[in-house]
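K.L.:
After the structure tokens below, expect a handful of questions from me.
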Amino acid sequence: MTVHQAPADTSSEAAHAPEPLPPFPFPGSSYRGPAPAYARLRAERPVVRVGTAGGGHAWLVTRHADVRAVLEDPRFSRAAMYAPGAPRFSGLFQAPPGMIVSLDPPDHTRLRALASQAFSPGRIEGMRPRVRELAGELLRDLEPEADRGGPVDLVARFAAPLAMAVICELLGVPGEDRERFHTWVRRFADLSAPEEQAVEARESLGAYIASLVTARRAAPAASPGSADDVLSALAAARLGEDRLSQEELIGLGYTLLGAGFDSSAGQIANFALTLLAHHPKLWRRLGEHPGEVPAAVEELLRTVNLNADDTSGLPRLATEDVAVGGTVVPAGDAVFVSFASANRDEAVFADPGHLDPSRADNPHLAFGHGIHRCLGAPLARLELSVALEELTRRFPGARLAVPAAEIPWRTGDVNHNPLTLPVELRRSTS
């Protein structure tokens, strides 16, 4: 007689089995926050191995403390991601090799020390009157349309031209070159475009920045911008007998473009959309109390999700086995850290999904952390604050001209960038 053993009851195990994850980047992300999967991962699997949409696997780190730990640990290398045999992830942005964001110490240390000379607090703060002047010129041009009651595309008429004007003045790009400069940058940032288009745009930008650098070094005072622009300051920066090479200056130009134009334009538009669609009372309050704008900018940086893949966008390679949050990441594996998730960590931020412009303690990671913390963070804060101050002061009654759900978005971009933002710019609240 054969006795058949009943199958083991695995219902309890099944109930506690981790829910399968979709390929990374996860669906469901927006400017309003990272994909819902991140909250579950922070609670249950804060350091998790994920399959990527383009093939291969990587580790994803989601909690604030663990993200900081990875960014502080030299065993997680950016430069190693460019070595032969390192993991590759198609469809995810990877900065070209040799740029400051792609380096480890000591190369990074040297480059950062030289570049920091051009971003002194005095130099950046000295740009405030000019940034305000540029914002004011753009908004004054919109006043007749605002008075007629017609909608204005805030992306095309304010966010993009302001960010482009600031970065062009920062680099000393002549006004007549700004349009083609803009075209190259947009093609470079479009991950959905054919690779040859990005390569062509990158080569055009490189050749153009090289021509600016050559002009600065040949005759700084007679260059198309002036000896006061940041590119001139970078070209003149020295540590003893050392200075930046031509290739390093071009790489820094790329870095400034990515952070200084695409990110700034996107966040100006994202901040306006967030306030007008979801916090109109705060928009009006900021217009009446401009002193509260800097704190509001910090909270918007924390809560408004810029990165389309919810990460820093740049993976690191573990050069040896490293324990992170109780999980060992093996040597040779790639790691992504999620700034968007870290900025919603319940262990750090009370009621993290709530936009609180009076939040006193706000250690967000919107500009990163550690040696690769964004060099241009002071300029970004200045630009975002001035943009919000001028918009809310001049147009306290502004409102969206279409429902927020109908706002079109750029597809394939590194960032969450609205394609257009139709707004009725009303000069009164009545």
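Simple scheme: letters A, B, ... for chains in structure tokens order, numbers from 1 for residues in each chain, numbers from 1 for ligands in the order shown.
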Need the shell around Val293 (chain A): protein/DNA/RNA residues with any atom at most 9 Å away, counting only C-alpha atoms. Skip same-chain ones fewer than 4 positions apart. Format as a list in words?

P.N.:
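Selected residues are Leu286, Gly287, His289, Val297, Glu298, Pro357, Ser385, Val386, Leu388 and Glu389 of chain A.
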
K.L.:
Any chance you could list, as a list in words, the residues in region 121-259 of chain A that come up strand (DSSP E) when DSSP is run on the backbone?

P.N.:
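Answer for region 121-259 of chain A, restricted to strand (DSSP E): Val152, Asp153, Arg238, Leu239, Asp242 and Arg243 of chain A.
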
K.L.:
Show me, as an MDAnalysis selection string, the residues that have an atom within 10 Å of Phe76 (chain A) when counting only C-alpha atoms, minus same-chain residues fewer than 5 positions from it.

P.N.:
chainID A and resid 69:71 81 104 315:322 329 331:335

K.L.:
Figure out the distance between CA of Leu138 (chain A) and CA of Phe395 (chain A), please, to one decimal in Å.

P.N.:
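Answer for the CA of Phe395 (chain A) to CA of Leu138 (chain A) separation: 13.0 Å.
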
K.L.:
Just want the 9 Å neighbourhood of Gly150 (chain A), counted on only C-alpha atoms, with same-chain residues fewer than 2 positions away dropped. Output as JSON, numbers by chain.

P.N.:
{"A": [145, 146, 147, 148, 152, 401, 423, 424, 425]}

K.L.:
Counting only C-alpha atoms, which residue out of A:Ile268, A:Ile167, A:Ala37, A:Leu355 sits closest to Pro22 (chain A)?

P.N.:
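Closest to Pro22 (chain A) of all the choices is A:Ala37.
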
K.L.:
Counting only C-alpha atoms, which residues of region 390-416 of chain A sit at most 12 Å from some atom of region 250-265 of chain A, and what is each one's closest atom pair with its distance in Å to one decimal, listed by chain and rising residue number, as JSON lines?

P.N.:
```
{"residue": "A:Arg410", "atom": "CA", "partner": "A:Asp262", "partner_atom": "CA", "distance": 11.8}
{"residue": "A:Asp413", "atom": "CA", "partner": "A:Asp262", "partner_atom": "CA", "distance": 9.6}
{"residue": "A:Val414", "atom": "CA", "partner": "A:Asp262", "partner_atom": "CA", "distance": 9.0}
{"residue": "A:Asn415", "atom": "CA", "partner": "A:Ser263", "partner_atom": "CA", "distance": 7.1}
{"residue": "A:His416", "atom": "CA", "partner": "A:Ser263", "partner_atom": "CA", "distance": 9.0}
```

K.L.:
Any chance you can output those residues with all heavy atoms as a short mmCIF file (atom, residue, chain, number, x, y, z; two decimals), in the first residue's frame?

P.N.:
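Writing done, so here's again-v3.cif:
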```
data_model
loop_
_atom_site.label_atom_id
_atom_site.label_comp_id
_atom_site.auth_asym_id
_atom_site.auth_seq_id
_atom_site.Cartn_x
_atom_site.Cartn_y
_atom_site.Cartn_z
N ARG A 410 7.82 65.61 -21.19
CA ARG A 410 8.83 65.11 -22.11
C ARG A 410 9.06 63.63 -21.84
O ARG A 410 9.16 63.21 -20.69
CB ARG A 410 10.16 65.86 -21.93
CG ARG A 410 10.10 67.31 -22.35
CD ARG A 410 11.50 67.92 -22.37
NE ARG A 410 11.46 69.33 -22.66
CZ ARG A 410 11.37 69.86 -23.86
NH1 ARG A 410 11.34 69.05 -24.92
NH2 ARG A 410 11.33 71.16 -24.04
N ASP A 413 13.41 61.73 -21.05
CA ASP A 413 14.36 62.65 -20.45
C ASP A 413 14.96 62.08 -19.16
O ASP A 413 14.37 61.21 -18.51
CB ASP A 413 13.67 63.98 -20.10
CG ASP A 413 13.84 65.00 -21.21
OD1 ASP A 413 14.03 64.59 -22.36
OD2 ASP A 413 13.77 66.20 -20.92
N VAL A 414 16.11 62.59 -18.81
CA VAL A 414 16.73 62.24 -17.53
C VAL A 414 15.84 62.70 -16.38
O VAL A 414 15.74 62.03 -15.35
CB VAL A 414 18.12 62.90 -17.41
CG1 VAL A 414 18.73 62.65 -16.03
CG2 VAL A 414 19.05 62.38 -18.50
N ASN A 415 15.17 63.83 -16.56
CA ASN A 415 14.37 64.44 -15.50
C ASN A 415 12.88 64.44 -15.84
O ASN A 415 12.49 64.27 -16.99
CB ASN A 415 14.82 65.89 -15.28
CG ASN A 415 16.25 65.99 -14.80
OD1 ASN A 415 16.70 65.15 -14.02
ND2 ASN A 415 16.96 67.00 -15.26
N HIS A 416 12.07 64.66 -14.81
CA HIS A 416 10.65 64.94 -15.01
C HIS A 416 10.53 66.39 -15.47
O HIS A 416 10.63 67.32 -14.67
CB HIS A 416 9.86 64.77 -13.70
CG HIS A 416 9.70 63.35 -13.25
ND1 HIS A 416 8.98 62.41 -13.96
CD2 HIS A 416 10.17 62.70 -12.17
CE1 HIS A 416 9.00 61.26 -13.33
NE2 HIS A 416 9.72 61.40 -12.23
#
```

K.L.:
Find the residues around Ala95 (chain A) up to 9 Å (only C-alpha atoms counted), leave out those fewer than 6 positions away in its own chain, and share them as number ranges by chain.

P.N.:
A: 101-102, 255, 313-314

K.L.:
Considering only C-alpha atoms, return as a PyMOL selection string whatever protein or nucleic-acid residues lie within 12 Å of Ala377 (chain A), sequence-local ones (same chain, fewer than 3 positions apart) excluded.

P.N.:
chain A and resi 116+119-121+124+256+259-260+263-264+298+301+365-369+372-374+380-384

K.L.:
What is the CA of Gln117 (chain A)-CA of Val230 (chain A) distance in Å, reported with one decimal?

P.N.:
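Here the two named atoms are 9.4 Å from each other.
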
K.L.:
Grab the CA of Gly206 (chain A) to CA of Arg88 (chain A) distance for me, in Å with one decimal place.

P.N.:
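Computed distance, CA of Gly206 (chain A) to CA of Arg88 (chain A), equals 23.9 Å.
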
K.L.:
Using only C-alpha atoms, which of the listed residues (A:Leu419, A:Ile100, A:Cys168, A:Val304) sits closest to Glu247 (chain A)?

P.N.:
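Of all the options, A:Ile100 lies closest to Glu247 (chain A).
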
K.L.:
Just the residues within 12 Å of Arg180 (chain A), please, counting only C-alpha atoms, with nothing from its chain fewer than 3 positions along; format it as an NGL selection string.

P.N.:
:A and (164 or 168 or 173-177 or 183-187 or 201 or 204-205 or 208)
